[in-house]
Amino acid sequence: MPLERSIYAWFQSHPLIADLVALRPTCWFNPALATSAEALGDVALTAEDIREASARLERFAPFIASAFPETVASAGIIESPLLPLPALQAVLSAEQQLPASGALWLKADNLLPISGSIKARGGIYEVLKHAEDLALAGGLLQPGDSYAKLDSETARAFFGEYSVAVGSTGNLGLSIGIISARLGFKATVHMSADARQWKKDRLRACGVEVREYSADYSVAVEQGRREAGADPRCHFVDDENSLNLFLGYAVAAERLQHQLTEQGIVVDAEHPLFVYLPCGVGGGPGGVAFGLKHMFGDAVHCVFAEPTHSPCMFLGVYTGLHDAVSVYDFGIDNQTAADGLAVGRPSGFVGRSLQRLIDGYYTVSDQTLYRQLAQMQACEGLELEPSALAGLSGMFKVLQEQQGYRQRLGLSDERMARATHLVWGTGGSMVPRDEMDRYLAQGRAELVGR
């Protein structure tokens with residue numbers, strides 16, 4: 001959709017757009033940020049909705065443990081570890097010529113079982129919710145049954161009469177495809193041009209139909225939505241607008257609270273928690289942020305991170321146009337190594353609902369993603385895909401901000417020294433060895449070339 005005024009007029013009214021268009025790493029702290037008590041009402045969901053989603057995942061745990069042996073040790077609960085990053089924090093602080101302040105941690109969703117990314121939260125939850133609705137309505141399940149019975153030929157034959165579809169850059173498609181096929185659904189994933197070949201291959205190996213497009217994420221989603229709309233037995237997982245996806249991500253907050261308590265980490269006004277979330281269309285980080293705000297209130301500060309070539313949520317919220325604007329409208333090409341974040345137009349639902357809850361937005365270059373990928377592996381022995389490193393620059397954006405953000409919120413140096421900085425590591429454990437080696441080689445080359 002063409003802009004109603006010239007790009008140069010936008011430069012005058014919103015100066016940071018000039019930096020975004022020039023592909024310069026850019027940071028903006030939200031002047032419309034409100035208290036959690038005020039802003040949570042902007043979202044058409046409640047804490048009770050999150051509790052219901054959590055309870056549903058508990059009900060499905062016996063099925064998950066039966067269908068996916070890698071989850072037996074966690075009794076069918078899909079969760080990732082919380083890991084300290086002391087060596088990496090020291091290296092990055094020295095690079096930035098900053099004294100260490102607070103503690104840096106990784107929420108390692110790259111290690112989530114089944115599909116190896118944050119999408120194992122929302123994506124799998126939505127398919128399970130749909131399966132439960134069908135099974136209860138069709139008499140396959142009765143209240144009080146063990147959901148382990150869904151891992152059976154009888155259940156797969158039942159679900160085989162239905163189909164599930166999704167449009168994806170890769171990781172959401174993996175999650176939806178794997179869980180749908182395992183339940184017995186006919187599954188179709190519409191994949192954008194930037195999706196990795198290994199993700200397509202893995203889906204096809206699971207019996208999922210993969211439709212490939214030469215265009216970007218938005219086209220894949222629109223085509224999938226159109227085809228699903230013509231089939232009354234097809235459930236389309238809408239990454240841009242789904243409340244169930246959103247709730248599946250939000251459950252992560254209560255899990256994180258338990259992990260922080262186990263680590264002896266206090267979160268309150270004197271011990272703030274900063275969470276840095278890689279952002280594509282916005283559903284994953286939006287859901288997590290919504291859950292965190294319910295759990296920790298104003299003691300948690302959520303910041304979204306995007307590639308310099310795909311700053312769709314930044315643009316949508318900063319201009320106030322949300323899903324009425326695309327990066328292409330400003331001549332930004334949406335071409336990035338962070339394939340999971342290669343989205344040109346943001347979720348209007350997330351942008352509007354959370355526009356007073358998210359503390360800030362920043363962009364990061366592909367070169368930095370590769371460099372930090374190599375540093376993460378060298379310092380901590382952890383391997384993430386490029387998009388999952390987007391949150392790693394966040395701590396320094398906050399510590400070095402000069403927009404009055406910390407002063408406005410009373411985040412003094414003393415409080416910052418007691419802060420916990422949490423990078424949400426959104427994916428990487430399923431990347432094939434040869435591809436990860438190429439990532440690492442490029443990251444090491446970036447380090448040498450600095």
# chains A, B, ... in the order shown; residues from 1 in each chain; ligands from 1

call {"tool": "residues_around", "arguments": {"residues": "Asp339 (chain A)", "least_positions_apart": "2", "cutoff": "7 Å", "atoms": "only C-alpha atoms", "output": "ChimeraX atom specification"}}
result
/A:169,194-195,336-337,341-342,387

call {"tool": "closest_atom_pairs", "arguments": {"of": "region 178-220 of chain A", "to": "region 296-314 of chain A", "cutoff": "12 Å", "atoms": "only C-alpha atoms", "output": "tab-separated table"}}
result
residue	atom	partner	partner_atom	distance
A:Asp216	CA	A:Ser310	CA	11.5
A:Tyr217	CA	A:Ser310	CA	11.5
A:Ser218	CA	A:Cys312	CA	11.8

call {"tool": "write_last_selection", "arguments": {"atoms": "C-alpha atoms", "output": "short mmCIF file (atom, residue, chain, number, x, y, z; two decimals), in the first residue's frame"}}
result
data_model
loop_
_atom_site.label_atom_id
_atom_site.label_comp_id
_atom_site.auth_asym_id
_atom_site.auth_seq_id
_atom_site.Cartn_x
_atom_site.Cartn_y
_atom_site.Cartn_z
CA ASP A 216 8.14 -13.41 1.06
CA TYR A 217 6.30 -14.40 4.24
CA SER A 218 3.21 -12.25 3.64
#

call {"tool": "residues_around", "arguments": {"residues": "Ala53 (chain A)", "least_positions_apart": "3", "cutoff": "10 Å", "atoms": "only C-alpha atoms", "output": "list in words"}}
result
Ala47, Glu48, Asp49, Ile50, Arg56, Leu57, Glu58, Arg59, Tyr125, Glu126, Lys129, Asn244, Leu247, Gly248, Tyr249, Ala250 and Val251 of chain A

call {"tool": "residues_around", "arguments": {"residues": "Ser175 (chain A)", "least_positions_apart": "2", "cutoff": "9 Å", "atoms": "only C-alpha atoms", "output": "PyMOL selection string"}}
result
chain A and resi 114-117+119-124+170-173+177-180

call {"tool": "write_last_selection", "arguments": {"atoms": "C-alpha atoms", "output": "PDB file, in the first residue's frame"}}
result
ATOM      1  CA  ILE A 114      10.269 -31.428  19.228  1.00  0.00           C
ATOM      2  CA  SER A 115      11.052 -28.503  16.948  1.00  0.00           C
ATOM      3  CA  GLY A 116      13.994 -26.666  18.517  1.00  0.00           C
ATOM      4  CA  SER A 117      12.629 -23.133  18.596  1.00  0.00           C
ATOM      5  CA  LYS A 119       7.602 -21.828  17.956  1.00  0.00           C
ATOM      6  CA  ALA A 120       7.344 -25.118  19.883  1.00  0.00           C
ATOM      7  CA  ARG A 121       5.394 -23.038  22.406  1.00  0.00           C
ATOM      8  CA  GLY A 122       2.691 -21.254  20.443  1.00  0.00           C
ATOM      9  CA  GLY A 123       2.626 -23.462  17.364  1.00  0.00           C
ATOM     10  CA  ILE A 124       2.296 -26.757  19.171  1.00  0.00           C
ATOM     11  CA  GLY A 170      10.479 -21.801   8.707  1.00  0.00           C
ATOM     12  CA  ASN A 171      10.319 -22.386  12.446  1.00  0.00           C
ATOM     13  CA  LEU A 172       6.577 -21.998  12.915  1.00  0.00           C
ATOM     14  CA  GLY A 173       6.066 -24.305   9.960  1.00  0.00           C
ATOM     15  CA  GLY A 177       3.945 -29.543  10.673  1.00  0.00           C
ATOM     16  CA  ILE A 178       5.632 -31.915  13.122  1.00  0.00           C
ATOM     17  CA  ILE A 179       2.877 -31.899  15.749  1.00  0.00           C
ATOM     18  CA  SER A 180       0.060 -31.976  13.168  1.00  0.00           C
TER      19      SER A 180
END

call {"tool": "select_by_dssp", "arguments": {"residues": "region 103-160 of chain A", "states": "alpha helix (DSSP H)", "output": "PyMOL selection string"}}
result
chain A and resi 119-137+153-159

call {"tool": "write_last_selection", "arguments": {"atoms": "N, CA and C atoms", "output": "JSON list (two decimals), in the first residue's frame"}}
result
[["chain", "number", "residue", "atom", "x", "y", "z"],
["A", 119, "LYS", "N", 8.88, -21.48, 18.58],
["A", 119, "LYS", "CA", 7.60, -21.83, 17.96],
["A", 119, "LYS", "C", 7.04, -23.14, 18.51],
["A", 120, "ALA", "N", 7.86, -23.92, 19.22],
["A", 120, "ALA", "CA", 7.34, -25.12, 19.88],
["A", 120, "ALA", "C", 6.37, -24.74, 21.00],
["A", 121, "ARG", "N", 6.35, -23.50, 21.39],
["A", 121, "ARG", "CA", 5.39, -23.04, 22.41],
["A", 121, "ARG", "C", 4.04, -22.75, 21.75],
["A", 122, "GLY", "N", 3.96, -21.66, 21.02],
["A", 122, "GLY", "CA", 2.69, -21.25, 20.44],
["A", 122, "GLY", "C", 2.18, -22.19, 19.37],
["A", 123, "GLY", "N", 3.06, -22.62, 18.47],
["A", 123, "GLY", "CA", 2.63, -23.46, 17.36],
["A", 123, "GLY", "C", 2.05, -24.78, 17.82],
["A", 124, "ILE", "N", 2.78, -25.47, 18.68],
["A", 124, "ILE", "CA", 2.30, -26.76, 19.17],
["A", 124, "ILE", "C", 1.04, -26.57, 20.01],
["A", 125, "TYR", "N", 1.00, -25.52, 20.83],
["A", 125, "TYR", "CA", -0.18, -25.28, 21.65],
["A", 125, "TYR", "C", -1.43, -25.11, 20.79],
["A", 126, "GLU", "N", -1.33, -24.31, 19.72],
["A", 126, "GLU", "CA", -2.53, -24.08, 18.91],
["A", 126, "GLU", "C", -3.06, -25.37, 18.29],
["A", 127, "VAL", "N", -2.16, -26.22, 17.79],
["A", 127, "VAL", "CA", -2.61, -27.48, 17.19],
["A", 127, "VAL", "C", -3.23, -28.39, 18.26],
["A", 128, "LEU", "N", -2.63, -28.41, 19.45],
["A", 128, "LEU", "CA", -3.20, -29.23, 20.53],
["A", 128, "LEU", "C", -4.59, -28.72, 20.92],
["A", 129, "LYS", "N", -4.76, -27.42, 20.99],
["A", 129, "LYS", "CA", -6.07, -26.84, 21.32],
["A", 129, "LYS", "C", -7.11, -27.27, 20.27],
["A", 130, "HIS", "N", -6.73, -27.20, 19.01],
["A", 130, "HIS", "CA", -7.64, -27.59, 17.93],
["A", 130, "HIS", "C", -7.96, -29.09, 18.02],
["A", 131, "ALA", "N", -6.94, -29.89, 18.29],
["A", 131, "ALA", "CA", -7.15, -31.33, 18.40],
["A", 131, "ALA", "C", -8.07, -31.66, 19.57],
["A", 132, "GLU", "N", -7.90, -30.99, 20.70],
["A", 132, "GLU", "CA", -8.76, -31.22, 21.86],
["A", 132, "GLU", "C", -10.21, -30.87, 21.53],
["A", 133, "ASP", "N", -10.43, -29.73, 20.88],
["A", 133, "ASP", "CA", -11.79, -29.33, 20.52],
["A", 133, "ASP", "C", -12.45, -30.39, 19.64],
["A", 134, "LEU", "N", -11.71, -30.87, 18.63],
["A", 134, "LEU", "CA", -12.27, -31.88, 17.74],
["A", 134, "LEU", "C", -12.53, -33.19, 18.47],
["A", 135, "ALA", "N", -11.57, -33.61, 19.31],
["A", 135, "ALA", "CA", -11.68, -34.90, 19.98],
["A", 135, "ALA", "C", -12.82, -34.92, 20.98],
["A", 136, "LEU", "N", -13.03, -33.83, 21.69],
["A", 136, "LEU", "CA", -14.14, -33.76, 22.65],
["A", 136, "LEU", "C", -15.48, -33.72, 21.92],
["A", 137, "ALA", "N", -15.54, -32.93, 20.85],
["A", 137, "ALA", "CA", -16.78, -32.83, 20.10],
["A", 137, "ALA", "C", -17.13, -34.15, 19.40],
["A", 153, "GLU", "N", -3.58, -45.40, 16.73],
["A", 153, "GLU", "CA", -4.06, -45.46, 15.34],
["A", 153, "GLU", "C", -5.50, -44.98, 15.24],
["A", 154, "THR", "N", -6.28, -45.26, 16.26],
["A", 154, "THR", "CA", -7.67, -44.79, 16.26],
["A", 154, "THR", "C", -7.74, -43.26, 16.20],
["A", 155, "ALA", "N", -6.91, -42.61, 17.03],
["A", 155, "ALA", "CA", -6.89, -41.14, 17.04],
["A", 155, "ALA", "C", -6.35, -40.59, 15.73],
["A", 156, "ARG", "N", -5.31, -41.22, 15.20],
["A", 156, "ARG", "CA", -4.74, -40.72, 13.95],
["A", 156, "ARG", "C", -5.73, -40.87, 12.79],
["A", 157, "ALA", "N", -6.50, -41.93, 12.80],
["A", 157, "ALA", "CA", -7.53, -42.08, 11.77],
["A", 157, "ALA", "C", -8.59, -41.00, 11.91],
["A", 158, "PHE", "N", -8.95, -40.67, 13.14],
["A", 158, "PHE", "CA", -9.94, -39.62, 13.39],
["A", 158, "PHE", "C", -9.42, -38.27, 12.89],
["A", 159, "PHE", "N", -8.21, -37.90, 13.29],
["A", 159, "PHE", "CA", -7.67, -36.60, 12.88],
["A", 159, "PHE", "C", -7.34, -36.57, 11.40]]

call {"tool": "select_by_dssp", "arguments": {"residues": "region 199-276 of chain A", "states": "strand (DSSP E)", "output": "list in words"}}
result
Glu209, Val210, Arg211, Glu212, Cys234, His235, Phe236, Val237, Leu273, Phe274, Val275 and Tyr276 of chain A

call {"tool": "atom_distance", "arguments": {"atom1": "CA of Ser429 (chain A)", "atom2": "CA of Leu183 (chain A)"}}
result
23.2 Å

call {"tool": "residues_around", "arguments": {"residues": "Val423 (chain A)", "least_positions_apart": "6", "cutoff": "8 Å", "atoms": "only C-alpha atoms", "output": "PyMOL selection string"}}
result
chain A and resi 104-107+275-277+391-392+394

call {"tool": "write_last_selection", "arguments": {"atoms": "C-alpha atoms", "output": "PDB file, in the first residue's frame"}}
result
ATOM      1  CA  LEU A 104      23.243 -11.747  31.553  1.00  0.00           C
ATOM      2  CA  TRP A 105      21.228 -14.952  31.036  1.00  0.00           C
ATOM      3  CA  LEU A 106      19.868 -16.960  28.128  1.00  0.00           C
ATOM      4  CA  LYS A 107      16.353 -18.413  27.959  1.00  0.00           C
ATOM      5  CA  VAL A 275      13.929  -9.376  28.451  1.00  0.00           C
ATOM      6  CA  TYR A 276      15.168  -9.044  24.869  1.00  0.00           C
ATOM      7  CA  LEU A 277      12.962 -10.760  22.302  1.00  0.00           C
ATOM      8  CA  GLY A 391      18.383 -10.110  21.581  1.00  0.00           C
ATOM      9  CA  LEU A 392      22.031 -10.196  22.598  1.00  0.00           C
ATOM     10  CA  GLY A 394      19.714  -5.437  24.021  1.00  0.00           C
TER      11      GLY A 394
END

call {"tool": "closest_residue", "arguments": {"among": "A:Gln375, A:Val266, A:Gln400, A:Trp28", "to": "Ala103 (chain A)", "atoms": "only C-alpha atoms"}}
result
A:Val266

call {"tool": "closest_residue", "arguments": {"among": "A:Leu3, A:Leu111, A:Leu273, A:Leu354", "to": "Ala39 (chain A)", "atoms": "only C-alpha atoms"}}
result
A:Leu354

call {"tool": "residues_around", "arguments": {"residues": "Arg408 (chain A)", "least_positions_apart": "3", "cutoff": "12 Å", "atoms": "only C-alpha atoms", "output": "list in words"}}
result
Phe29, Asn30, Pro31, Ala32, Leu33, Ala34, Asp359, Glu401, Gln402, Gln403, Gly404, Tyr405, Leu411 and Ser412 of chain A

call {"tool": "closest_atom_pairs", "arguments": {"of": "region 161-216 of chain A", "to": "region 220-232 of chain A", "cutoff": "9 Å", "atoms": "only C-alpha atoms", "output": "Markdown table"}}
result
| residue | atom | partner | partner_atom | distance |
| --- | --- | --- | --- | --- |
| A:Tyr162 | CA | A:Pro232 | CA | 9.0 |
| A:Ser163 | CA | A:Ala228 | CA | 8.8 |
| A:Val164 | CA | A:Ala228 | CA | 8.2 |
| A:Ala165 | CA | A:Gly224 | CA | 6.6 |
| A:Val166 | CA | A:Gly224 | CA | 6.1 |
| A:Gly167 | CA | A:Val221 | CA | 4.1 |
| A:Ser168 | CA | A:Val221 | CA | 6.8 |
| A:Thr169 | CA | A:Ala220 | CA | 8.5 |
| A:Thr188 | CA | A:Gly224 | CA | 8.5 |
| A:Val189 | CA | A:Gly224 | CA | 7.8 |
| A:His190 | CA | A:Ala220 | CA | 5.3 |
| A:Met191 | CA | A:Ala220 | CA | 5.8 |
| A:Ser192 | CA | A:Ala220 | CA | 5.5 |
| A:Ala193 | CA | A:Ala220 | CA | 8.7 |
| A:Arg211 | CA | A:Ala220 | CA | 8.5 |
| A:Glu212 | CA | A:Ala220 | CA | 8.0 |
| A:Tyr213 | CA | A:Ala220 | CA | 6.5 |
| A:Ala215 | CA | A:Ala220 | CA | 7.3 |
| A:Asp216 | CA | A:Ala220 | CA | 6.6 |

call {"tool": "closest_residue", "arguments": {"among": "A:Leu82, A:Tyr439, A:Gly144, A:His235", "to": "Thr261 (chain A)", "atoms": "only C-alpha atoms"}}
result
A:Leu82

call {"tool": "closest_residue", "arguments": {"among": "A:Gln335, A:Gln442, A:Ser393, A:Thr363", "to": "Pro25 (chain A)", "atoms": "only C-alpha atoms"}}
result
A:Thr363
